[in-house]
$ cat start-v6.cif   # mmCIF, C-alpha atoms
data_my_file
loop_
_atom_site.group_PDB
_atom_site.id
_atom_site.type_symbol
_atom_site.label_atom_id
_atom_site.label_comp_id
_atom_site.auth_asym_id
_atom_site.auth_seq_id
_atom_site.Cartn_x
_atom_site.Cartn_y
_atom_site.Cartn_z
ATOM 1 C CA MET B 208 0.000 0.000 0.000
ATOM 2 C CA ILE B 209 1.177 3.512 -0.801
ATOM 3 C CA TYR B 210 -0.001 6.113 1.719
ATOM 4 C CA TYR B 211 -0.004 9.307 -0.305
ATOM 5 C CA LEU B 212 0.441 12.452 1.787
ATOM 6 C CA MET B 213 -0.743 15.660 0.160
ATOM 7 C CA GLY B 214 -2.030 19.108 1.024
ATOM 8 C CA LYS B 215 -1.691 22.755 0.230
ATOM 9 C CA SER B 216 1.683 24.439 0.671
ATOM 10 C CA ALA B 217 2.647 25.120 4.306
ATOM 11 C CA SER B 218 0.019 22.682 5.608
ATOM 12 C CA GLY B 219 2.753 20.796 7.466
ATOM 13 C CA LYS B 220 3.225 17.917 5.012
ATOM 14 C CA ASP B 221 7.013 17.845 5.283
ATOM 15 C CA SER B 222 6.960 17.799 9.101
ATOM 16 C CA ILE B 223 4.297 15.079 9.143
ATOM 17 C CA TYR B 224 6.156 13.090 6.497
ATOM 18 C CA ARG B 225 9.407 13.127 8.489
ATOM 19 C CA ARG B 226 7.682 12.209 11.762
ATOM 20 C CA ILE B 227 5.636 9.364 10.296
ATOM 21 C CA LEU B 228 8.755 7.881 8.701
ATOM 22 C CA GLU B 229 10.639 8.163 12.022
ATOM 23 C CA GLU B 230 7.822 6.611 14.021
ATOM 24 C CA LEU B 231 6.850 3.911 11.515
ATOM 25 C CA PRO B 232 10.174 2.626 10.158
ATOM 26 C CA GLN B 233 8.407 -0.219 8.352
ATOM 27 C CA LEU B 234 7.187 2.350 5.806
ATOM 28 C CA ARG B 235 9.465 2.850 2.851
ATOM 29 C CA ARG B 236 9.851 6.199 1.183
ATOM 30 C CA VAL B 237 9.879 7.204 -2.440
ATOM 31 C CA ILE B 238 12.200 10.073 -3.203
ATOM 32 C CA LEU B 239 10.859 12.458 -5.823
ATOM 33 C CA TYR B 240 13.017 14.147 -8.437
ATOM 34 C CA THR B 241 13.026 17.904 -8.980
ATOM 35 C CA THR B 242 14.763 20.531 -11.071
ATOM 36 C CA ARG B 243 14.134 23.293 -8.524
ATOM 37 C CA PRO B 244 17.100 24.597 -6.533
ATOM 38 C CA LYS B 245 17.816 23.104 -3.129
ATOM 39 C CA ARG B 246 16.506 25.075 -0.168
ATOM 40 C CA SER B 247 18.679 25.761 2.843
ATOM 41 C CA GLY B 248 19.119 22.551 4.824
ATOM 42 C CA GLU B 249 18.029 20.170 2.044
ATOM 43 C CA THR B 250 20.242 17.264 0.988
ATOM 44 C CA ASP B 251 20.271 15.567 -2.400
ATOM 45 C CA GLY B 252 18.736 12.107 -2.095
ATOM 46 C CA VAL B 253 16.981 12.917 1.171
ATOM 47 C CA GLU B 254 14.207 15.427 0.486
ATOM 48 C CA TYR B 255 14.492 15.106 -3.300
ATOM 49 C CA ARG B 256 16.862 13.958 -5.981
ATOM 50 C CA PHE B 257 17.951 17.263 -7.471
ATOM 51 C CA ILE B 258 18.469 17.032 -11.219
ATOM 52 C CA ASP B 259 18.832 19.457 -14.090
ATOM 53 C CA ASP B 260 16.472 19.888 -17.041
ATOM 54 C CA ALA B 261 18.602 17.696 -19.297
ATOM 55 C CA GLU B 262 18.313 14.752 -16.894
ATOM 56 C CA PHE B 263 14.566 15.329 -16.489
ATOM 57 C CA PHE B 264 14.030 15.176 -20.263
ATOM 58 C CA ARG B 265 16.273 12.121 -20.573
ATOM 59 C CA LEU B 266 14.094 10.298 -18.007
ATOM 60 C CA LYS B 267 10.932 11.470 -19.743
ATOM 61 C CA GLU B 268 12.173 10.345 -23.159
ATOM 62 C CA ALA B 269 13.075 6.948 -21.682
ATOM 63 C CA GLY B 270 9.468 6.561 -20.438
ATOM 64 C CA ARG B 271 10.522 6.377 -16.807
ATOM 65 C CA LEU B 272 8.241 9.076 -15.362
ATOM 66 C CA ILE B 273 5.324 7.728 -13.340
ATOM 67 C CA GLU B 274 4.030 11.258 -12.977
ATOM 68 C CA TYR B 275 5.433 14.729 -13.348
ATOM 69 C CA ARG B 276 4.440 18.327 -12.824
ATOM 70 C CA GLU B 277 5.813 21.551 -14.223
ATOM 71 C CA TYR B 278 5.351 24.883 -12.480
ATOM 72 C CA ASN B 279 5.993 28.203 -14.164
ATOM 73 C CA THR B 280 7.445 29.963 -11.136
ATOM 74 C CA VAL B 281 8.757 33.479 -10.816
ATOM 75 C CA HIS B 282 12.234 31.858 -11.143
ATOM 76 C CA GLY B 283 11.466 29.845 -14.276
ATOM 77 C CA ILE B 284 10.022 26.386 -14.786
ATOM 78 C CA TRP B 285 10.470 23.925 -11.914
ATOM 79 C CA ARG B 286 9.747 20.258 -12.570
ATOM 80 C CA TYR B 287 8.876 17.498 -10.101
ATOM 81 C CA ALA B 288 8.546 13.813 -10.922
ATOM 82 C CA THR B 289 8.091 10.355 -9.520
ATOM 83 C CA VAL B 290 10.469 8.158 -11.469
ATOM 84 C CA ASP B 291 10.211 4.444 -12.123
ATOM 85 C CA ASP B 292 13.687 3.746 -10.797
ATOM 86 C CA GLY B 293 13.042 0.578 -8.787
ATOM 87 C CA GLN B 294 12.046 2.353 -5.567
ATOM 88 C CA THR B 295 8.432 1.162 -5.533
ATOM 89 C CA GLU B 296 6.927 -2.325 -5.095
ATOM 90 C CA PRO B 297 3.478 -1.720 -3.523
ATOM 91 C CA ASP B 298 2.560 -5.426 -3.650
ATOM 92 C CA ARG B 299 5.488 -6.236 -1.341
ATOM 93 C CA TYR B 300 5.972 -3.181 0.883
ATOM 94 C CA ASP B 301 4.114 -0.247 2.391
ATOM 95 C CA TYR B 302 5.255 3.236 1.404
ATOM 96 C CA LEU B 303 4.747 6.827 2.425
ATOM 97 C CA MET B 304 4.832 9.240 -0.504
ATOM 98 C CA ILE B 305 4.379 12.986 -0.541
ATOM 99 C CA GLY B 306 3.051 15.092 -3.385
ATOM 100 C CA THR B 307 0.187 17.092 -4.806
ATOM 101 C CA LEU B 308 -3.353 16.154 -5.747
ATOM 102 C CA GLU B 309 -2.258 16.094 -9.370
ATOM 103 C CA SER B 310 0.628 13.732 -8.639
ATOM 104 C CA TYR B 311 -1.660 11.538 -6.520
ATOM 105 C CA ALA B 312 -4.078 11.212 -9.458
ATOM 106 C CA ALA B 313 -1.259 10.220 -11.822
ATOM 107 C CA ALA B 314 0.226 7.722 -9.335
ATOM 108 C CA ARG B 315 -3.227 6.240 -8.763
ATOM 109 C CA LYS B 316 -3.613 5.781 -12.505
ATOM 110 C CA TYR B 317 -0.137 4.205 -12.781
ATOM 111 C CA PHE B 318 -0.332 1.843 -9.766
ATOM 112 C CA GLY B 319 -4.119 1.363 -9.498
ATOM 113 C CA SER B 320 -6.500 2.873 -6.964
ATOM 114 C CA ASP B 321 -6.342 -0.257 -4.804
ATOM 115 C CA LYS B 322 -2.624 0.408 -4.197
ATOM 116 C CA LEU B 323 -2.973 4.017 -2.972
ATOM 117 C CA CYS B 324 -4.489 5.478 0.176
ATOM 118 C CA PRO B 325 -4.884 9.292 0.144
ATOM 119 C CA VAL B 326 -3.805 11.270 3.220
ATOM 120 C CA TYR B 327 -5.031 14.834 2.676
ATOM 121 C CA VAL B 328 -3.669 17.281 5.282
ATOM 122 C CA THR B 329 -5.446 20.588 5.846
ATOM 123 C CA VAL B 330 -4.973 23.660 7.996
ATOM 124 C CA ASP B 331 -6.659 27.058 8.231
ATOM 125 C CA ASP B 332 -5.548 29.320 5.351
ATOM 126 C CA GLY B 333 -4.482 32.106 7.723
ATOM 127 C CA GLU B 334 -2.248 29.715 9.635
ATOM 128 C CA ARG B 335 -0.863 28.344 6.358
ATOM 129 C CA LEU B 336 0.083 31.831 5.225
ATOM 130 C CA ILE B 337 1.840 32.573 8.534
ATOM 131 C CA ARG B 338 3.764 29.284 8.301
ATOM 132 C CA ALA B 339 4.740 29.981 4.682
ATOM 133 C CA ILE B 340 6.070 33.434 5.551
ATOM 134 C CA ARG B 341 8.081 32.045 8.481
ATOM 135 C CA ARG B 342 9.553 29.342 6.255
ATOM 136 C CA GLU B 343 10.597 31.883 3.628
ATOM 137 C CA GLN B 344 12.103 34.167 6.265
ATOM 138 C CA SER B 345 14.376 31.312 7.322
ATOM 139 C CA GLN B 346 15.760 30.881 3.795
ATOM 140 C CA GLU B 347 19.053 32.450 2.731
ATOM 141 C CA LYS B 348 17.220 34.030 -0.213
ATOM 142 C CA PRO B 349 13.497 34.254 0.580
ATOM 143 C CA GLN B 350 11.261 33.809 -2.453
ATOM 144 C CA TYR B 351 8.087 35.610 -1.384
ATOM 145 C CA ALA B 352 6.662 36.001 -4.881
ATOM 146 C CA GLU B 353 6.909 32.239 -5.454
ATOM 147 C CA MET B 354 5.370 31.621 -2.038
ATOM 148 C CA CYS B 355 2.382 33.786 -2.997
ATOM 149 C CA ARG B 356 2.003 32.085 -6.381
ATOM 150 C CA ARG B 357 1.924 28.662 -4.718
ATOM 151 C CA PHE B 358 -0.522 29.801 -2.061
ATOM 152 C CA LEU B 359 -2.988 31.046 -4.672
ATOM 153 C CA ALA B 360 -2.499 28.080 -7.030
ATOM 154 C CA ASP B 361 -3.329 25.682 -4.194
ATOM 155 C CA GLU B 362 -6.817 27.144 -3.911
ATOM 156 C CA GLU B 363 -7.595 25.943 -7.421
ATOM 157 C CA ASP B 364 -5.586 22.726 -7.285
ATOM 158 C CA PHE B 365 -7.249 21.518 -4.071
ATOM 159 C CA SER B 366 -10.764 22.690 -4.887
ATOM 160 C CA ALA B 367 -13.681 20.648 -3.542
ATOM 161 C CA GLU B 368 -14.430 19.576 -7.120
ATOM 162 C CA ASN B 369 -10.882 18.287 -7.695
ATOM 163 C CA LEU B 370 -10.835 16.471 -4.354
ATOM 164 C CA ALA B 371 -14.169 14.766 -5.123
ATOM 165 C CA LYS B 372 -13.045 13.873 -8.664
ATOM 166 C CA ASN B 373 -10.086 12.021 -7.127
ATOM 167 C CA GLY B 374 -12.141 10.207 -4.496
ATOM 168 C CA ILE B 375 -10.818 12.165 -1.535
ATOM 169 C CA ASP B 376 -13.490 12.668 1.076
ATOM 170 C CA ARG B 377 -11.443 12.599 4.270
ATOM 171 C CA GLU B 378 -9.074 15.227 5.604
ATOM 172 C CA PHE B 379 -6.560 15.216 8.407
ATOM 173 C CA ARG B 380 -6.613 18.576 10.202
ATOM 174 C CA ASN B 381 -3.153 19.790 11.220
ATOM 175 C CA ASP B 382 -4.249 22.310 13.840
ATOM 176 C CA VAL B 383 -2.262 20.360 16.450
ATOM 177 C CA LEU B 384 0.624 18.436 14.910
ATOM 178 C CA GLU B 385 0.599 15.582 17.449
ATOM 179 C CA ASP B 386 -3.131 14.968 16.992
ATOM 180 C CA CYS B 387 -2.812 14.967 13.216
ATOM 181 C CA ILE B 388 0.096 12.516 13.288
ATOM 182 C CA GLU B 389 -1.787 10.222 15.673
ATOM 183 C CA GLU B 390 -4.804 10.168 13.350
ATOM 184 C CA ILE B 391 -2.583 9.280 10.379
ATOM 185 C CA ARG B 392 -0.802 6.556 12.401
ATOM 186 C CA GLU B 393 -4.206 5.049 13.203
ATOM 187 C CA LEU B 394 -5.121 5.059 9.507
ATOM 188 C CA ILE B 395 -1.892 3.264 8.608
ATOM 189 C CA ALA B 396 -2.295 0.761 11.455
ATOM 190 C CA GLY B 397 -5.732 -0.070 10.040
ATOM 191 C CA GLY B 398 -4.254 -1.005 6.670
ATOM 192 C CA ARG B 399 -6.181 -0.342 3.471
ATOM 193 C CA ASN B 400 -8.882 1.606 5.283
ATOM 194 C CA VAL B 401 -10.102 4.513 3.170
#
$ encode --input "start-v6.cif" --output "structure tokens"
Amino acid sequence: MIYYLMGKSASGKDSIYRRILEELPQLRRVILYTTRPKRSGETDGVEYRFIDDAEFFRLKEAGRLIEYREYNTVHGIWRYATVDDGQTEPDRYDYLMIGTLESYAAARKYFGSDKLCPVYVTVDDGERLIRAIRREQSQEKPQYAEMCRRFLADEEDFSAENLAKNGIDREFRNDVLEDCIEEIRELIAGGRNV
């Protein structure tokens, strides 16, 4: 089973992802590929596999992309992808993946809906904005314009219509991190329960 963690930017996905992996070591992780620059504190092969555009297109041409997204940011086009590189065997192991609603839909199509369990994390928009600003302030070169673009794009991407179209009818509120993580742990302990 692939537990697919998703939510709007600054909803706490990265923190939840790290904690769930620490607390449930039986879950395997799938490292996404990206062409965006590394943020302060990120390590290649840990948060993402950082590649350039040439490598992205080589993988695409070879038919190895399970899903990919391209974002026209204020800094140019950033690409993200899940690559068929031998990381994923959902019939043998349980995984925790992180991505967007769009990437979830593509992964569900690739692996089959019976292999994926959506974990949609939400938080109040005001709190999300505060978190996003704090995160950018901690960066060596804050990218506030990109932060704003992502914040606004998420409203459309995670619309009620798009959630329903992808069979997502449950959300995990991240008002209190510990409570949210506990609820997700219970979901995973219950197996294929969504």
$ closest_atom_pairs --input "start-v6.cif" --of "segment 213-289 of chain B" --to "segment 336-359 of chain B" --cutoff "10 Å" --atoms "only C-alpha atoms" --output "Markdown table"
| residue | atom | partner | partner_atom | distance |
| --- | --- | --- | --- | --- |
| B:Lys215 | CA | B:Phe358 | CA | 7.5 |
| B:Ser216 | CA | B:Phe358 | CA | 6.4 |
| B:Ala217 | CA | B:Ala339 | CA | 5.3 |
| B:Ser218 | CA | B:Arg338 | CA | 8.1 |
| B:Gly219 | CA | B:Arg338 | CA | 8.6 |
| B:Arg246 | CA | B:Gln346 | CA | 7.1 |
| B:Ser247 | CA | B:Gln346 | CA | 6.0 |
| B:Gly248 | CA | B:Gln346 | CA | 9.0 |
| B:Tyr278 | CA | B:Arg357 | CA | 9.3 |
| B:Asn279 | CA | B:Arg356 | CA | 9.6 |
| B:Thr280 | CA | B:Glu353 | CA | 6.1 |
| B:Val281 | CA | B:Glu353 | CA | 5.8 |
| B:His282 | CA | B:Glu353 | CA | 7.8 |
$ resolve_selection --input "start-v6.cif" --expression "the PyMOL selection byres ((chain B and resi 277) around 10)" --output "list of chain:residue names"
B:Thr241, B:Thr242, B:Tyr275, B:Arg276, B:Tyr278, B:Asn279, B:Thr280, B:Ile284, B:Trp285, B:Arg286, B:Tyr287, B:Ala288
$ residues_around --input "start-v6.cif" --residues "segment 289-306 of chain B" --least-positions-apart "6" --cutoff "7 Å" --atoms "all atoms listed in the file" --output "list in words"
Met208, Ile209, Tyr210, Tyr211, Leu212, Met213, Leu234, Arg235, Arg236, Val237, Leu239, Tyr240, Arg271, Leu272, Ile273, Glu274, Tyr275 and Lys322 of chain B
$ closest_residue --input "start-v6.cif" --among "B:Glu309, B:Val330, B:Ser222, B:Tyr255" --to "Leu370 of chain B" --atoms "only C-alpha atoms"
B:Glu309
$ residues_around --input "start-v6.cif" --residues "segment 384-398 of chain B" --least-positions-apart "5" --cutoff "8 Å" --atoms "only C-alpha atoms" --output "list in words"
Met208, Tyr210, Ile223, Arg226, Ile227, Val326 and Phe379 of chain B
$ atom_distance --input "start-v6.cif" --atom1 "atom CA of Ser366 of chain B" --atom2 "atom CA of Thr329 of chain B"
12.2 Å
$ atom_distance --input "start-v6.cif" --atom1 "atom CA of Pro325 of chain B" --atom2 "atom CA of Thr307 of chain B"
10.5 Å
$ residues_near_point --input "start-v6.cif" --point "(18.9, 15.0, -2.0)" --cutoff "10 Å" --atoms "all atoms listed in the file" --output "list in words"
Ile238, Leu239, Tyr240, Thr241, Lys245, Glu249, Thr250, Asp251, Gly252, Val253, Glu254, Tyr255, Arg256, Phe257 and Ile258 of chain B
$ atom_distance --input "start-v6.cif" --atom1 "atom CA of Lys220 of chain B" --atom2 "atom CA of Ala371 of chain B"
20.4 Å
$ axis_aligned_box --input "start-v6.cif" --around "segment 329-343 of chain B" --padding-each-side "3 Å" --output "lines of an AutoDock Vina configuration file"
center_x = 2.0
center_y = 27.0
center_z = 6.6
size_x = 23.3
size_y = 18.8
size_z = 12.0
$ closest_residue --input "start-v6.cif" --among "B:Asp260, B:Tyr224, B:Gly333, B:Cys324" --to "Ala312 of chain B" --atoms "all atoms listed in the file"
B:Cys324
$ build_atoms --input "start-v6.cif" --residues "segment 307-326 of chain B" --atoms "N, CA and C atoms" --output "compact mmCIF listing (two decimals), keeping the file's coordinate frame"
# COMPACT_ATOMS: atom_id res chain seq x y z
N THR B 307 1.33 16.22 -4.59
CA THR B 307 0.19 17.09 -4.81
C THR B 307 -1.02 16.24 -5.20
N LEU B 308 -2.16 16.86 -5.29
CA LEU B 308 -3.35 16.15 -5.75
C LEU B 308 -3.16 15.65 -7.18
N GLU B 309 -2.54 16.47 -7.99
CA GLU B 309 -2.26 16.09 -9.37
C GLU B 309 -1.33 14.88 -9.44
N SER B 310 -0.29 14.87 -8.62
CA SER B 310 0.63 13.73 -8.64
C SER B 310 -0.03 12.48 -8.06
N TYR B 311 -0.90 12.67 -7.07
CA TYR B 311 -1.66 11.54 -6.52
C TYR B 311 -2.51 10.90 -7.62
N ALA B 312 -3.22 11.73 -8.39
CA ALA B 312 -4.08 11.21 -9.46
C ALA B 312 -3.26 10.41 -10.48
N ALA B 313 -2.10 10.92 -10.85
CA ALA B 313 -1.26 10.22 -11.82
C ALA B 313 -0.71 8.91 -11.24
N ALA B 314 -0.29 8.94 -9.98
CA ALA B 314 0.23 7.72 -9.34
C ALA B 314 -0.89 6.68 -9.19
N ARG B 315 -2.08 7.15 -8.89
CA ARG B 315 -3.23 6.24 -8.76
C ARG B 315 -3.52 5.57 -10.12
N LYS B 316 -3.40 6.34 -11.17
CA LYS B 316 -3.61 5.78 -12.50
C LYS B 316 -2.52 4.76 -12.83
N TYR B 317 -1.28 5.07 -12.47
CA TYR B 317 -0.14 4.20 -12.78
C TYR B 317 -0.18 2.89 -11.98
N PHE B 318 -0.39 3.01 -10.64
CA PHE B 318 -0.33 1.84 -9.77
C PHE B 318 -1.68 1.15 -9.59
N GLY B 319 -2.79 1.89 -9.77
CA GLY B 319 -4.12 1.36 -9.50
C GLY B 319 -4.65 1.92 -8.19
N SER B 320 -5.92 2.24 -8.16
CA SER B 320 -6.50 2.87 -6.96
C SER B 320 -6.46 1.97 -5.74
N ASP B 321 -6.41 0.66 -5.95
CA ASP B 321 -6.34 -0.26 -4.80
C ASP B 321 -4.97 -0.26 -4.13
N LYS B 322 -3.98 0.37 -4.76
CA LYS B 322 -2.62 0.41 -4.20
C LYS B 322 -2.32 1.71 -3.46
N LEU B 323 -3.22 2.71 -3.58
CA LEU B 323 -2.97 4.02 -2.97
C LEU B 323 -4.04 4.37 -1.95
N CYS B 324 -3.60 4.98 -0.87
CA CYS B 324 -4.49 5.48 0.18
C CYS B 324 -4.19 6.96 0.35
N PRO B 325 -5.15 7.85 0.03
CA PRO B 325 -4.88 9.29 0.14
C PRO B 325 -4.87 9.76 1.59
N VAL B 326 -3.90 10.64 1.90
CA VAL B 326 -3.80 11.27 3.22
C VAL B 326 -3.74 12.77 2.97
